[in-house]
file work18.pdb (PDB, C-alpha atoms and all ligand atoms)
MODEL        1
ATOM      1  CA  MET A   1      73.054-138.247 -66.507  1.00  0.00           C
ATOM      2  CA  THR A   2      74.153-141.420 -68.234  1.00  0.00           C
ATOM      3  CA  CYS A   3      76.054-144.275 -66.701  1.00  0.00           C
ATOM      4  CA  GLY A   4      79.663-144.175 -67.857  1.00  0.00           C
ATOM      5  CA  LEU A   5      79.761-147.966 -67.792  1.00  0.00           C
ATOM      6  CA  ARG A   6      76.831-148.575 -70.122  1.00  0.00           C
ATOM      7  CA  ASP A   7      79.078-150.387 -72.581  1.00  0.00           C
ATOM      8  CA  TRP A   8      80.424-152.593 -69.786  1.00  0.00           C
ATOM      9  CA  PRO A   9      77.334-154.058 -68.158  1.00  0.00           C
ATOM     10  CA  GLU A  10      79.407-156.328 -65.877  1.00  0.00           C
ATOM     11  CA  ASP A  11      81.115-153.293 -64.374  1.00  0.00           C
ATOM     12  CA  CYS A  12      77.898-151.311 -64.218  1.00  0.00           C
ATOM     13  CA  ALA A  13      76.202-154.212 -62.401  1.00  0.00           C
ATOM     14  CA  ALA A  14      79.105-154.628 -59.984  1.00  0.00           C
ATOM     15  CA  ASP A  15      79.845-150.958 -59.319  1.00  0.00           C
ATOM     16  CA  HIS A  16      76.437-149.329 -59.572  1.00  0.00           C
ATOM     17  CA  ILE A  17      73.472-151.649 -59.444  1.00  0.00           C
ATOM     18  CA  ALA A  18      74.606-154.276 -56.927  1.00  0.00           C
ATOM     19  CA  PRO A  19      75.642-151.712 -54.274  1.00  0.00           C
ATOM     20  CA  ALA A  20      72.441-149.683 -54.805  1.00  0.00           C
ATOM     21  CA  LEU A  21      70.275-152.761 -54.233  1.00  0.00           C
ATOM     22  CA  GLY A  22      72.476-154.441 -51.660  1.00  0.00           C
ATOM     23  CA  LEU A  23      73.149-157.442 -53.881  1.00  0.00           C
ATOM     24  CA  ARG A  24      75.860-159.961 -53.227  1.00  0.00           C
ATOM     25  CA  CYS A  25      77.998-161.296 -56.051  1.00  0.00           C
ATOM     26  CA  THR A  26      77.381-165.014 -56.562  1.00  0.00           C
ATOM     27  CA  THR A  27      79.383-165.547 -59.757  1.00  0.00           C
ATOM     28  CA  ALA A  28      82.219-163.080 -60.252  1.00  0.00           C
ATOM     29  CA  GLY A  29      81.406-160.598 -62.971  1.00  0.00           C
ATOM     30  CA  LYS A  30      78.280-162.496 -63.973  1.00  0.00           C
ATOM     31  CA  GLN A  31      75.655-162.842 -61.310  1.00  0.00           C
ATOM     32  CA  TRP A  32      74.436-161.102 -58.204  1.00  0.00           C
ATOM     33  CA  SER A  33      71.592-161.844 -55.843  1.00  0.00           C
ATOM     34  CA  GLY A  34      69.807-160.117 -52.995  1.00  0.00           C
ATOM     35  CA  PRO A  35      66.565-158.372 -52.063  1.00  0.00           C
ATOM     36  CA  CYS A  36      64.061-157.721 -54.859  1.00  0.00           C
ATOM     37  CA  PRO A  37      63.509-153.980 -55.426  1.00  0.00           C
ATOM     38  CA  VAL A  38      59.787-154.591 -56.038  1.00  0.00           C
ATOM     39  CA  CYS A  39      58.549-157.165 -53.504  1.00  0.00           C
ATOM     40  CA  HIS A  40      61.565-156.708 -51.184  1.00  0.00           C
ATOM     41  CA  GLY A  41      61.706-160.443 -50.625  1.00  0.00           C
ATOM     42  CA  PRO A  42      65.184-161.119 -49.265  1.00  0.00           C
ATOM     43  CA  ARG A  43      67.482-163.012 -51.613  1.00  0.00           C
ATOM     44  CA  CYS A  44      64.730-163.579 -54.144  1.00  0.00           C
ATOM     45  CA  PHE A  45      66.208-161.317 -56.778  1.00  0.00           C
ATOM     46  CA  SER A  46      68.998-162.075 -59.171  1.00  0.00           C
ATOM     47  CA  LEU A  47      70.826-159.866 -61.590  1.00  0.00           C
ATOM     48  CA  ALA A  48      72.933-161.349 -64.345  1.00  0.00           C
ATOM     49  CA  VAL A  49      74.876-160.279 -67.391  1.00  0.00           C
ATOM     50  CA  LYS A  50      73.879-162.391 -70.369  1.00  0.00           C
ATOM     51  CA  GLU A  51      75.303-161.895 -73.821  1.00  0.00           C
ATOM     52  CA  GLY A  52      76.503-158.452 -72.841  1.00  0.00           C
ATOM     53  CA  ARG A  53      73.159-157.332 -71.480  1.00  0.00           C
ATOM     54  CA  LEU A  54      71.707-156.979 -68.034  1.00  0.00           C
ATOM     55  CA  ALA A  55      69.029-159.489 -67.117  1.00  0.00           C
ATOM     56  CA  TRP A  56      67.040-159.686 -63.913  1.00  0.00           C
ATOM     57  CA  TYR A  57      64.667-162.133 -62.297  1.00  0.00           C
ATOM     58  CA  CYS A  58      62.534-162.272 -59.195  1.00  0.00           C
ATOM     59  CA  HIS A  59      62.143-165.763 -57.752  1.00  0.00           C
ATOM     60  CA  MET A  60      59.150-164.933 -55.599  1.00  0.00           C
ATOM     61  CA  GLU A  61      55.866-166.830 -56.161  1.00  0.00           C
ATOM     62  CA  PRO A  62      54.357-165.182 -58.131  1.00  0.00           C
ATOM     63  CA  ALA A  63      57.404-163.437 -59.536  1.00  0.00           C
ATOM     64  CA  CYS A  64      57.504-159.684 -59.989  1.00  0.00           C
ATOM     65  CA  ALA A  65      57.089-158.618 -63.612  1.00  0.00           C
ATOM     66  CA  GLY A  66      60.175-157.701 -65.589  1.00  0.00           C
ATOM     67  CA  ASP A  67      58.811-154.236 -66.350  1.00  0.00           C
ATOM     68  CA  GLU A  68      57.991-153.583 -62.701  1.00  0.00           C
ATOM     69  CA  ILE A  69      61.550-154.496 -61.793  1.00  0.00           C
ATOM     70  CA  ARG A  70      62.900-152.321 -64.598  1.00  0.00           C
ATOM     71  CA  ASP A  71      60.907-149.341 -63.330  1.00  0.00           C
ATOM     72  CA  ALA A  72      62.098-149.929 -59.772  1.00  0.00           C
ATOM     73  CA  LEU A  73      65.702-150.136 -60.985  1.00  0.00           C
ATOM     74  CA  ALA A  74      65.219-147.011 -63.080  1.00  0.00           C
ATOM     75  CA  LYS A  75      64.326-145.162 -59.872  1.00  0.00           C
ATOM     76  CA  LEU A  76      67.246-146.555 -57.887  1.00  0.00           C
ATOM     77  CA  VAL A  77      69.915-146.279 -60.575  1.00  0.00           C
ATOM     78  CA  PRO A  78      68.466-143.879 -63.165  1.00  0.00           C
ATOM     79  CA  ALA A  79      71.756-143.534 -65.005  1.00  0.00           C
ATOM     80  CA  CYS A  80      72.120-147.255 -65.532  1.00  0.00           C
ATOM     81  CA  VAL A  81      68.621-148.523 -66.277  1.00  0.00           C
ATOM     82  CA  SER A  82      65.990-146.708 -68.307  1.00  0.00           C
ATOM     83  CA  PRO A  83      62.338-147.139 -67.402  1.00  0.00           C
ATOM     84  CA  SER A  84      60.126-149.549 -69.329  1.00  0.00           C
ATOM     85  CA  ARG A  85      58.423-148.375 -72.482  1.00  0.00           C
ATOM     86  CA  PRO A  86      55.500-146.079 -71.837  1.00  0.00           C
ATOM     87  CA  THR A  87      52.046-147.571 -72.232  1.00  0.00           C
ATOM     88  CA  ASP A  88      49.995-146.457 -75.201  1.00  0.00           C
ATOM     89  CA  LEU A  89      48.285-143.777 -73.168  1.00  0.00           C
ATOM     90  CA  SER A  90      51.428-142.013 -72.070  1.00  0.00           C
ATOM     91  CA  ALA A  91      53.226-142.711 -75.336  1.00  0.00           C
ATOM     92  CA  ARG A  92      51.607-139.722 -76.963  1.00  0.00           C
ATOM     93  CA  ARG A  93      52.874-137.454 -74.245  1.00  0.00           C
ATOM     94  CA  ALA A  94      56.355-138.934 -74.558  1.00  0.00           C
ATOM     95  CA  ASP A  95      56.368-138.385 -78.291  1.00  0.00           C
ATOM     96  CA  LYS A  96      58.881-135.593 -78.007  1.00  0.00           C
ATOM     97  CA  ILE A  97      62.482-135.588 -79.052  1.00  0.00           C
ATOM     98  CA  ALA A  98      65.058-134.177 -76.701  1.00  0.00           C
ATOM     99  CA  ARG A  99      67.243-131.418 -78.024  1.00  0.00           C
ATOM    100  CA  SER A 100      70.256-133.336 -76.789  1.00  0.00           C
ATOM    101  CA  GLN A 101      69.258-136.165 -79.105  1.00  0.00           C
ATOM    102  CA  LEU A 102      69.094-133.830 -82.076  1.00  0.00           C
ATOM    103  CA  GLU A 103      72.289-131.926 -81.501  1.00  0.00           C
ATOM    104  CA  PRO A 104      74.680-134.679 -82.678  1.00  0.00           C
ATOM    105  CA  LEU A 105      72.764-134.748 -85.961  1.00  0.00           C
ATOM    106  CA  LEU A 106      74.316-131.417 -86.889  1.00  0.00           C
ATOM    107  CA  GLU A 107      77.587-133.205 -87.419  1.00  0.00           C
ATOM    108  CA  LEU A 108      76.256-135.843 -89.784  1.00  0.00           C
ATOM    109  CA  ASP A 109      76.365-135.645 -93.533  1.00  0.00           C
ATOM    110  CA  ASP A 110      73.455-136.245 -95.897  1.00  0.00           C
ATOM    111  CA  CYS A 111      72.807-139.970 -95.881  1.00  0.00           C
ATOM    112  CA  ALA A 112      73.827-140.485 -92.263  1.00  0.00           C
ATOM    113  CA  LEU A 113      71.509-137.667 -91.269  1.00  0.00           C
ATOM    114  CA  ARG A 114      68.551-139.063 -93.209  1.00  0.00           C
ATOM    115  CA  LEU A 115      69.109-142.479 -91.734  1.00  0.00           C
ATOM    116  CA  ARG A 116      69.433-141.236 -88.156  1.00  0.00           C
ATOM    117  CA  LEU A 117      66.330-139.088 -88.511  1.00  0.00           C
ATOM    118  CA  ALA A 118      64.389-142.015 -89.945  1.00  0.00           C
ATOM    119  CA  CYS A 119      65.419-144.145 -86.946  1.00  0.00           C
ATOM    120  CA  ILE A 120      64.279-141.474 -84.529  1.00  0.00           C
ATOM    121  CA  ILE A 121      61.013-140.744 -86.310  1.00  0.00           C
ATOM    122  CA  TRP A 122      59.958-144.306 -87.002  1.00  0.00           C
ATOM    123  CA  GLN A 123      61.622-145.805 -83.911  1.00  0.00           C
ATOM    124  CA  ILE A 124      63.162-148.642 -85.880  1.00  0.00           C
ATOM    125  CA  PRO A 125      66.714-149.977 -86.246  1.00  0.00           C
ATOM    126  CA  PRO A 126      68.960-148.466 -88.964  1.00  0.00           C
ATOM    127  CA  LYS A 127      68.730-151.454 -91.259  1.00  0.00           C
ATOM    128  CA  GLU A 128      64.941-151.313 -91.408  1.00  0.00           C
ATOM    129  CA  ALA A 129      65.047-147.545 -91.776  1.00  0.00           C
ATOM    130  CA  ALA A 130      67.408-147.847 -94.732  1.00  0.00           C
ATOM    131  CA  ALA A 131      65.054-150.300 -96.414  1.00  0.00           C
ATOM    132  CA  LYS A 132      62.072-148.052 -95.782  1.00  0.00           C
ATOM    133  CA  LEU A 133      63.955-145.084 -97.215  1.00  0.00           C
ATOM    134  CA  GLY A 134      64.911-147.137-100.247  1.00  0.00           C
ATOM    135  CA  MET A 135      68.550-146.506 -99.442  1.00  0.00           C
ATOM    136  CA  SER A 136      71.058-148.584-101.372  1.00  0.00           C
ATOM    137  CA  ARG A 137      73.307-151.000 -99.481  1.00  0.00           C
ATOM    138  CA  ARG A 138      76.292-148.862-100.316  1.00  0.00           C
ATOM    139  CA  THR A 139      74.715-145.694 -99.040  1.00  0.00           C
ATOM    140  CA  TYR A 140      73.557-147.518 -95.935  1.00  0.00           C
ATOM    141  CA  TYR A 141      77.067-148.723 -95.127  1.00  0.00           C
ATOM    142  CA  ARG A 142      78.475-145.276 -95.802  1.00  0.00           C
ATOM    143  CA  ALA A 143      75.861-143.783 -93.493  1.00  0.00           C
ATOM    144  CA  VAL A 144      76.487-146.188 -90.625  1.00  0.00           C
ATOM    145  CA  SER A 145      80.244-146.173 -90.938  1.00  0.00           C
ATOM    146  CA  GLY A 146      80.225-142.442 -90.299  1.00  0.00           C
ATOM    147  CA  VAL A 147      78.357-143.055 -87.063  1.00  0.00           C
ATOM    148  CA  PRO A 148      79.858-145.930 -85.107  1.00  0.00           C
ATOM    149  CA  ASN A 149      77.031-146.032 -82.548  1.00  0.00           C
ATOM    150  CA  LEU A 150      74.259-146.148 -85.060  1.00  0.00           C
ATOM    151  CA  ALA A 151      74.472-149.819 -85.871  1.00  0.00           C
ATOM    152  CA  ARG A 152      73.862-150.685 -82.250  1.00  0.00           C
ATOM    153  CA  ASN A 153      71.012-148.206 -82.162  1.00  0.00           C
ATOM    154  CA  ARG A 154      68.698-148.024 -79.150  1.00  0.00           C
ATOM    155  CA  ARG A 155      66.666-151.181 -79.504  1.00  0.00           C
ATOM    156  CA  SER A 156      67.035-151.896 -75.820  1.00  0.00           C
ATOM    157  CA  ALA A 157      66.383-148.351 -74.665  1.00  0.00           C
TER     158      ALA A 157
HETATM  159 ZN    ZN A 201      75.903-148.020 -64.219  1.00  0.00          ZN
HETATM  160 ZN    ZN A 202      60.144-159.540 -56.406  1.00  0.00          ZN
ENDMDL
END

call {"tool": "encode", "arguments": {"input": "work18.pdb", "output": "structure tokens"}}
result
Amino acid sequence: MTCGLRDWPEDCAADHIAPALGLRCTTAGKQWSGPCPVCHGPRCFSLAVKEGRLAWYCHMEPACAGDEIRDALAKLVPACVSPSRPTDLSARRADKIARSQLEPLLELDDCALRLRLACIIWQIPPKEAAAKLGMSRRTYYRAVSGVPNLARNRRSA
């Protein structure tokens, strides 16, 4: 299940995350505050949308770690927030590719397919993958223009 508002973080924050955490909006469409999902300190948590991305802070002393908060959010609103990156130990176990991630590749043509595969395998953004593949600029642009979402990639995922 994926949040239908992923491309609109303000709406996702307002409609999904704030209600799930019991946050109150402090700046319309931009900032919310309320109880921290990790330390549960009342009003010590704030959620904001900065440069089109969700950002969160705990104002407790000492503050809860960003990754801890991310994991707590991932449990509360799994569709909206993905858990933090696995530690090295569990990374090996997670080194599997979901079939659902591979299926869209069937629709890609040669260069787009190579590029997408390289991104998945090496876990790097398309531009770096193109350089590593020795892909020409022209081929790179052709590859990404066939796949509108590719340029944004999954750097934040
Ligand atoms: Zn959402
Ligand atoms: Zn906290």

call {"tool": "resolve_selection", "arguments": {"input": "work18.pdb", "expression": "the PyMOL selection byres (((not hetatm)) within 8 of (chain A and resi 201))", "output": "PyMOL selection string"}}
result
chain A and resi 2-6+9+11-13+15-17+77+79-81

call {"tool": "write_last_selection", "arguments": {"input": "work18.pdb", "atoms": "C-alpha atoms", "output": "compact mmCIF listing (two decimals), in the coordinates of the input"}}
result
# COMPACT_ATOMS: atom_id res chain seq x y z
CA THR A 2 74.15 -141.42 -68.23
CA CYS A 3 76.05 -144.28 -66.70
CA GLY A 4 79.66 -144.18 -67.86
CA LEU A 5 79.76 -147.97 -67.79
CA ARG A 6 76.83 -148.57 -70.12
CA PRO A 9 77.33 -154.06 -68.16
CA ASP A 11 81.11 -153.29 -64.37
CA CYS A 12 77.90 -151.31 -64.22
CA ALA A 13 76.20 -154.21 -62.40
CA ASP A 15 79.84 -150.96 -59.32
CA HIS A 16 76.44 -149.33 -59.57
CA ILE A 17 73.47 -151.65 -59.44
CA VAL A 77 69.92 -146.28 -60.58
CA ALA A 79 71.76 -143.53 -65.00
CA CYS A 80 72.12 -147.26 -65.53
CA VAL A 81 68.62 -148.52 -66.28

call {"tool": "atom_distance", "arguments": {"input": "work18.pdb", "atom1": "atom CA of A:Trp122", "atom2": "atom CA of A:Leu54"}}
result
25.7 Å

call {"tool": "atom_distance", "arguments": {"input": "work18.pdb", "atom1": "atom CA of A:Glu103", "atom2": "atom CA of A:Ser84"}}
result
24.6 Å

call {"tool": "residues_around", "arguments": {"input": "work18.pdb", "residues": "stretch 66-74 of chain A", "least_positions_apart": "3", "cutoff": "10 Å", "atoms": "all atoms listed in the file", "output": "PyMOL selection string"}}
result
chain A and resi 17+20-21+36-39+45+55-58+63+77-85

call {"tool": "closest_residue", "arguments": {"input": "work18.pdb", "among": "A:Ala112, A:Cys64, A:Ala118, A:Ala131", "to": "ligand ZN 202 (chain A)", "atoms": "all atoms listed in the file"}}
result
A:Cys64

call {"tool": "atom_distance", "arguments": {"input": "work18.pdb", "atom1": "atom CA of A:Glu10", "atom2": "atom CA of A:Cys119"}}
result
28.1 Å

call {"tool": "closest_residue", "arguments": {"input": "work18.pdb", "among": "A:Leu117, A:Ala28, A:Leu47, A:Ala14", "to": "ligand ZN 202 (chain A)", "atoms": "all atoms listed in the file"}}
result
A:Leu47
